[in-house]
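Coordinates from start20.cif are shown below (mmCIF, N, CA and C atoms).
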```cif
data_query
#
loop_
_atom_site.label_atom_id
_atom_site.label_comp_id
_atom_site.auth_asym_id
_atom_site.auth_seq_id
_atom_site.Cartn_x
_atom_site.Cartn_y
_atom_site.Cartn_z
N MET A 1 -19.93 -41.14 89.82
CA MET A 1 -18.57 -41.35 89.35
C MET A 1 -17.64 -40.70 90.37
N ALA A 2 -17.03 -41.49 91.17
CA ALA A 2 -16.16 -40.98 92.23
C ALA A 2 -14.77 -40.64 91.69
N GLY A 3 -14.30 -39.48 92.07
CA GLY A 3 -12.93 -39.09 91.77
C GLY A 3 -12.62 -38.86 90.30
N CYS A 4 -13.59 -38.50 89.50
CA CYS A 4 -13.34 -38.26 88.08
C CYS A 4 -12.73 -36.87 87.91
N ARG A 5 -11.57 -36.85 87.31
CA ARG A 5 -10.88 -35.59 87.03
C ARG A 5 -10.32 -35.67 85.62
N ILE A 6 -10.73 -34.75 84.79
CA ILE A 6 -10.30 -34.76 83.40
C ILE A 6 -9.31 -33.61 83.17
N VAL A 7 -8.19 -33.92 82.61
CA VAL A 7 -7.21 -32.90 82.25
C VAL A 7 -7.19 -32.85 80.72
N LYS A 8 -7.91 -31.88 80.18
CA LYS A 8 -8.11 -31.79 78.73
C LYS A 8 -6.79 -31.64 77.98
N ALA A 9 -5.89 -30.87 78.50
CA ALA A 9 -4.61 -30.68 77.80
C ALA A 9 -3.86 -32.01 77.66
N SER A 10 -3.96 -32.85 78.67
CA SER A 10 -3.32 -34.16 78.62
C SER A 10 -3.99 -35.05 77.57
N MET A 11 -5.31 -34.96 77.50
CA MET A 11 -6.03 -35.74 76.48
C MET A 11 -5.65 -35.27 75.08
N ASP A 12 -5.59 -33.96 74.90
CA ASP A 12 -5.22 -33.41 73.60
C ASP A 12 -3.81 -33.86 73.20
N SER A 13 -2.91 -33.85 74.15
CA SER A 13 -1.54 -34.29 73.90
C SER A 13 -1.50 -35.77 73.53
N SER A 14 -2.29 -36.57 74.23
CA SER A 14 -2.34 -38.00 73.94
C SER A 14 -2.90 -38.26 72.55
N VAL A 15 -3.92 -37.51 72.16
CA VAL A 15 -4.49 -37.64 70.81
C VAL A 15 -3.42 -37.35 69.77
N ALA A 16 -2.70 -36.26 69.95
CA ALA A 16 -1.65 -35.91 68.99
C ALA A 16 -0.57 -36.99 68.94
N ASN A 17 -0.19 -37.52 70.10
CA ASN A 17 0.82 -38.58 70.15
C ASN A 17 0.34 -39.83 69.42
N LEU A 18 -0.90 -40.23 69.68
CA LEU A 18 -1.44 -41.42 69.04
C LEU A 18 -1.51 -41.27 67.52
N LYS A 19 -1.90 -40.10 67.05
CA LYS A 19 -1.94 -39.86 65.61
C LYS A 19 -0.53 -39.97 65.01
N GLY A 20 0.45 -39.46 65.73
CA GLY A 20 1.84 -39.58 65.28
C GLY A 20 2.30 -41.03 65.27
N TYR A 21 1.92 -41.78 66.29
CA TYR A 21 2.30 -43.20 66.35
C TYR A 21 1.64 -43.97 65.21
N SER A 22 0.41 -43.61 64.88
CA SER A 22 -0.27 -44.26 63.78
C SER A 22 0.53 -44.10 62.49
N GLU A 23 1.01 -42.89 62.24
CA GLU A 23 1.83 -42.65 61.05
C GLU A 23 3.15 -43.42 61.11
N GLU A 24 3.75 -43.48 62.31
CA GLU A 24 5.00 -44.22 62.46
C GLU A 24 4.78 -45.71 62.20
N PHE A 25 3.68 -46.27 62.71
CA PHE A 25 3.37 -47.67 62.45
C PHE A 25 3.15 -47.90 60.95
N LYS A 26 2.49 -46.96 60.30
CA LYS A 26 2.23 -47.09 58.86
C LYS A 26 3.56 -47.12 58.10
N GLU A 27 4.46 -46.21 58.43
CA GLU A 27 5.77 -46.17 57.78
C GLU A 27 6.57 -47.44 58.08
N ALA A 28 6.52 -47.90 59.34
CA ALA A 28 7.24 -49.11 59.72
C ALA A 28 6.67 -50.32 58.99
N GLY A 29 5.35 -50.36 58.84
CA GLY A 29 4.72 -51.45 58.12
C GLY A 29 5.17 -51.49 56.68
N SER A 30 5.24 -50.33 56.05
CA SER A 30 5.70 -50.24 54.67
C SER A 30 7.15 -50.70 54.55
N THR A 31 7.97 -50.27 55.49
CA THR A 31 9.37 -50.69 55.50
C THR A 31 9.49 -52.20 55.69
N PHE A 32 8.66 -52.75 56.56
CA PHE A 32 8.67 -54.19 56.82
C PHE A 32 8.30 -54.97 55.55
N VAL A 33 7.25 -54.53 54.86
CA VAL A 33 6.81 -55.20 53.63
C VAL A 33 7.93 -55.15 52.58
N THR A 34 8.54 -54.00 52.44
CA THR A 34 9.63 -53.85 51.47
C THR A 34 10.80 -54.76 51.83
N ALA A 35 11.15 -54.81 53.11
CA ALA A 35 12.26 -55.66 53.55
C ALA A 35 11.95 -57.14 53.36
N PHE A 36 10.71 -57.52 53.65
CA PHE A 36 10.32 -58.92 53.44
C PHE A 36 10.45 -59.30 51.97
N ASN A 37 9.91 -58.47 51.11
CA ASN A 37 9.98 -58.75 49.67
C ASN A 37 11.42 -58.82 49.18
N ALA A 38 12.28 -57.96 49.68
CA ALA A 38 13.70 -58.00 49.30
C ALA A 38 14.36 -59.27 49.81
N ALA A 39 13.95 -59.71 50.99
CA ALA A 39 14.56 -60.90 51.59
C ALA A 39 14.24 -62.17 50.82
N ILE A 40 13.07 -62.23 50.21
CA ILE A 40 12.69 -63.46 49.51
C ILE A 40 12.81 -63.34 47.99
N GLU A 41 13.32 -62.22 47.54
CA GLU A 41 13.39 -61.96 46.10
C GLU A 41 14.09 -63.07 45.32
N ALA A 42 15.18 -63.57 45.84
CA ALA A 42 15.96 -64.58 45.12
C ALA A 42 15.43 -66.00 45.31
N MET A 43 14.49 -66.18 46.23
CA MET A 43 13.95 -67.51 46.46
C MET A 43 13.15 -67.99 45.25
N GLN A 44 13.11 -69.30 45.09
CA GLN A 44 12.31 -69.90 44.03
C GLN A 44 11.64 -71.15 44.57
N GLY A 45 10.57 -71.53 43.94
CA GLY A 45 9.94 -72.79 44.28
C GLY A 45 8.61 -72.62 45.00
N ASP A 46 8.03 -73.78 45.29
CA ASP A 46 6.71 -73.82 45.91
C ASP A 46 6.73 -73.25 47.33
N ALA A 47 7.83 -73.47 48.04
CA ALA A 47 7.93 -72.93 49.40
C ALA A 47 7.88 -71.40 49.38
N ARG A 48 8.56 -70.81 48.41
CA ARG A 48 8.51 -69.34 48.27
C ARG A 48 7.09 -68.89 47.98
N ASP A 49 6.42 -69.58 47.06
CA ASP A 49 5.05 -69.22 46.72
C ASP A 49 4.13 -69.31 47.94
N ALA A 50 4.32 -70.37 48.73
CA ALA A 50 3.52 -70.53 49.95
C ALA A 50 3.83 -69.43 50.95
N LEU A 51 5.09 -69.07 51.07
CA LEU A 51 5.50 -68.00 51.98
C LEU A 51 4.90 -66.66 51.56
N VAL A 52 4.94 -66.38 50.27
CA VAL A 52 4.36 -65.14 49.75
C VAL A 52 2.85 -65.12 50.00
N GLU A 53 2.21 -66.24 49.72
CA GLU A 53 0.76 -66.33 49.95
C GLU A 53 0.42 -66.10 51.42
N PHE A 54 1.17 -66.75 52.30
CA PHE A 54 0.94 -66.57 53.74
C PHE A 54 1.14 -65.11 54.15
N PHE A 55 2.22 -64.52 53.67
CA PHE A 55 2.52 -63.13 54.01
C PHE A 55 1.43 -62.20 53.52
N GLU A 56 1.04 -62.36 52.27
CA GLU A 56 0.03 -61.47 51.69
C GLU A 56 -1.34 -61.66 52.33
N THR A 57 -1.64 -62.87 52.75
CA THR A 57 -2.95 -63.18 53.35
C THR A 57 -3.02 -62.79 54.83
N ASN A 58 -1.93 -63.01 55.57
CA ASN A 58 -1.99 -62.89 57.03
C ASN A 58 -1.18 -61.75 57.65
N ILE A 59 -0.19 -61.27 56.96
CA ILE A 59 0.75 -60.34 57.58
C ILE A 59 0.69 -58.94 56.98
N GLU A 60 0.73 -58.85 55.67
CA GLU A 60 0.91 -57.56 54.99
C GLU A 60 -0.14 -56.52 55.41
N LYS A 61 -1.41 -56.85 55.31
CA LYS A 61 -2.47 -55.90 55.67
C LYS A 61 -2.42 -55.57 57.17
N PHE A 62 -2.11 -56.57 57.97
CA PHE A 62 -2.04 -56.37 59.42
C PHE A 62 -1.01 -55.31 59.78
N VAL A 63 0.21 -55.43 59.23
CA VAL A 63 1.27 -54.50 59.60
C VAL A 63 1.17 -53.16 58.89
N SER A 64 0.63 -53.15 57.67
CA SER A 64 0.62 -51.90 56.92
C SER A 64 -0.68 -51.11 57.06
N THR A 65 -1.77 -51.77 57.45
CA THR A 65 -3.06 -51.08 57.53
C THR A 65 -3.74 -51.24 58.89
N ASP A 66 -3.89 -52.48 59.34
CA ASP A 66 -4.70 -52.74 60.54
C ASP A 66 -4.14 -52.08 61.80
N ILE A 67 -2.86 -52.24 62.05
CA ILE A 67 -2.28 -51.63 63.25
C ILE A 67 -2.36 -50.10 63.19
N PRO A 68 -1.93 -49.46 62.09
CA PRO A 68 -2.06 -48.00 62.05
C PRO A 68 -3.50 -47.52 62.21
N GLU A 69 -4.45 -48.22 61.59
CA GLU A 69 -5.84 -47.82 61.71
C GLU A 69 -6.37 -48.01 63.12
N ALA A 70 -5.94 -49.06 63.80
CA ALA A 70 -6.36 -49.29 65.18
C ALA A 70 -5.86 -48.17 66.09
N VAL A 71 -4.62 -47.79 65.92
CA VAL A 71 -4.05 -46.71 66.74
C VAL A 71 -4.75 -45.39 66.42
N ASN A 72 -4.99 -45.13 65.14
CA ASN A 72 -5.69 -43.92 64.75
C ASN A 72 -7.13 -43.93 65.28
N GLY A 73 -7.77 -45.08 65.27
CA GLY A 73 -9.12 -45.21 65.82
C GLY A 73 -9.15 -44.90 67.30
N LEU A 74 -8.14 -45.34 68.02
CA LEU A 74 -8.05 -45.02 69.44
C LEU A 74 -7.89 -43.52 69.64
N ALA A 75 -7.10 -42.89 68.79
CA ALA A 75 -6.94 -41.43 68.86
C ALA A 75 -8.27 -40.73 68.61
N SER A 76 -9.02 -41.20 67.64
CA SER A 76 -10.33 -40.60 67.33
C SER A 76 -11.30 -40.77 68.48
N LEU A 77 -11.29 -41.93 69.10
CA LEU A 77 -12.15 -42.18 70.25
C LEU A 77 -11.80 -41.25 71.40
N LEU A 78 -10.53 -41.12 71.70
CA LEU A 78 -10.09 -40.24 72.77
C LEU A 78 -10.42 -38.79 72.44
N GLU A 79 -10.27 -38.40 71.19
CA GLU A 79 -10.57 -37.04 70.77
C GLU A 79 -12.07 -36.74 70.93
N ALA A 80 -12.92 -37.69 70.57
CA ALA A 80 -14.36 -37.52 70.74
C ALA A 80 -14.73 -37.43 72.21
N ASN A 81 -14.09 -38.24 73.04
CA ASN A 81 -14.35 -38.18 74.48
C ASN A 81 -13.93 -36.84 75.06
N ALA A 82 -12.79 -36.33 74.61
CA ALA A 82 -12.33 -35.02 75.08
C ALA A 82 -13.33 -33.94 74.70
N GLN A 83 -13.87 -34.01 73.49
CA GLN A 83 -14.87 -33.03 73.05
C GLN A 83 -16.13 -33.15 73.89
N ASN A 84 -16.53 -34.39 74.21
CA ASN A 84 -17.69 -34.59 75.07
C ASN A 84 -17.49 -33.96 76.44
N PHE A 85 -16.29 -34.10 76.99
CA PHE A 85 -16.00 -33.49 78.29
C PHE A 85 -16.11 -31.97 78.21
N ASP A 86 -15.59 -31.40 77.13
CA ASP A 86 -15.71 -29.95 76.93
C ASP A 86 -17.18 -29.53 76.86
N ASP A 87 -17.96 -30.27 76.09
CA ASP A 87 -19.38 -29.94 75.93
C ASP A 87 -20.13 -30.03 77.26
N ILE A 88 -19.90 -31.10 77.99
CA ILE A 88 -20.57 -31.29 79.29
C ILE A 88 -20.15 -30.19 80.27
N ASP A 89 -18.86 -29.87 80.29
CA ASP A 89 -18.38 -28.82 81.18
C ASP A 89 -19.09 -27.50 80.88
N ALA A 90 -19.22 -27.19 79.59
CA ALA A 90 -19.90 -25.95 79.19
C ALA A 90 -21.37 -25.98 79.59
N GLN A 91 -22.01 -27.13 79.45
CA GLN A 91 -23.42 -27.26 79.83
C GLN A 91 -23.60 -27.10 81.34
N ILE A 92 -22.72 -27.69 82.11
CA ILE A 92 -22.80 -27.55 83.57
C ILE A 92 -22.59 -26.09 83.98
N ALA A 93 -21.60 -25.45 83.39
CA ALA A 93 -21.33 -24.05 83.70
C ALA A 93 -22.54 -23.19 83.34
N ALA A 94 -23.14 -23.44 82.19
CA ALA A 94 -24.33 -22.66 81.77
C ALA A 94 -25.48 -22.90 82.73
N SER A 95 -25.63 -24.12 83.18
CA SER A 95 -26.70 -24.43 84.13
C SER A 95 -26.49 -23.70 85.46
N ILE A 96 -25.26 -23.70 85.92
CA ILE A 96 -24.93 -23.03 87.18
C ILE A 96 -25.21 -21.53 87.06
N ARG A 97 -24.94 -20.97 85.90
CA ARG A 97 -25.16 -19.54 85.67
C ARG A 97 -26.62 -19.22 85.36
N GLY A 98 -27.45 -20.25 85.24
CA GLY A 98 -28.86 -20.03 84.95
C GLY A 98 -29.12 -19.72 83.50
N GLU A 99 -28.19 -20.07 82.65
CA GLU A 99 -28.35 -19.84 81.20
C GLU A 99 -28.98 -21.09 80.57
N GLY A 100 -29.87 -20.86 79.63
CA GLY A 100 -30.46 -21.93 78.84
C GLY A 100 -31.02 -22.99 79.64
#
```
Rewrite the structure from the file as structure tokens, please.
Amino acid sequence: MAGCRIVKASMDSSVANLKGYSEEFKEAGSTFVTAFNAAIEAMQGDARDALVEFFETNIEKFVSTDIPEAVNGLASLLEANAQNFDDIDAQIAASIRGEG
């Protein structure tokens, strides 16, 4: 692996940022769902029913759950990688010192 340089503090900061963005996306998704429902509240008829069905089937879960979970999953992946780097660094240092 040529030129690999890990800056743990930067990874930790990115994890914290991603977790914050996940919460922001979750809040924005909730706001979006509320706004959509308010926008169609006065509508009537089959077109409204089809629109609600489409929204509930294709959009609602995506904006309120899937996007926040994807961002949070990325944060978890990065966090696990950062921990792996810490563990490997400690193992290399112990090896150099002749420990274990």
Check your understanding: For the atom pair atom CA of Ala80 of chain A and atom CA of Gly98 of chain A, what is the interatomic distance in Å to one decimal place?
Key -> 26.8 Å
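This file, filtered with the PyMOL selection byres (((chain A and resi 28 and name CA) around 12) and name CA), gives the residues A:Tyr21, A:Ser22, A:Glu23, A:Glu24, A:Phe25, A:Lys26, A:Glu27, A:Gly29, A:Ser30, A:Thr31, A:Phe32, A:Val33, A:Thr34, A:Ala35, A:Glu60, A:Phe62, A:Val63, A:Ser64, A:Thr65, A:Ile67, A:Pro68.
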Practice item. Pick out the residues sitting within 8 Å of Ser14 of chain A, and hand them over as a VMD selection string; count only N, CA and C atoms, and ignore anything fewer than 6 positions along from it in its own chain. Key: chain A and resid 8 20 74 to 75 78 to 79
Check your understanding: Could you state the separation of atom N of Ser10 of chain A and atom N of Glu69 of chain A in Å, given to one decimal place?
Key ->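 Result for atom N of Ser10 of chain A versus atom N of Glu69 of chain A: 23.0 Å, one decimal.
If you measure from each of A:Ala82, A:Val71, A:Ile59, A:Ile88 to Met11 of chain A using only N, CA and C atoms, the closest one turns out to be A:Ala82.
Between atom C of Asp89 of chain A and atom CA of Arg5 of chain A the interatomic distance comes to 13.1 Å.
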Exercise for review: Pull the alpha helix (DSSP H) assignments for chain A out of DSSP run on the backbone, and list those residues as a count of residues only.
Suggested key: 74
Determine the axis-aligned bounding box of all atoms of segment 51-56 of chain A present in the file, pad each side by 3 Å, and express its centre and edge lengths in Å to one decimal place as JSON.
```
{"center_x": 2.1, "center_y": -65.3, "center_z": 51.9, "size_x": 12.8, "size_y": 13.6, "size_z": 10.4}
```
Review point. Between A:Met43, A:Ala50, A:Leu18, A:Ile6, which one has atoms that come closest to Ala70 of chain A, using only C-alpha atoms?
Key: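 For Ala70 of chain A, the nearest of the given residues is A:Leu18.
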Review point. Which of these residues is nearest to Asn72 of chain A, using only C-alpha atoms: A:Glu56, A:Asn37, A:Ala42, A:Ala16?
Key: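 Residue with the minimum atom-to-atom distance to Asn72 of chain A: A:Ala16.
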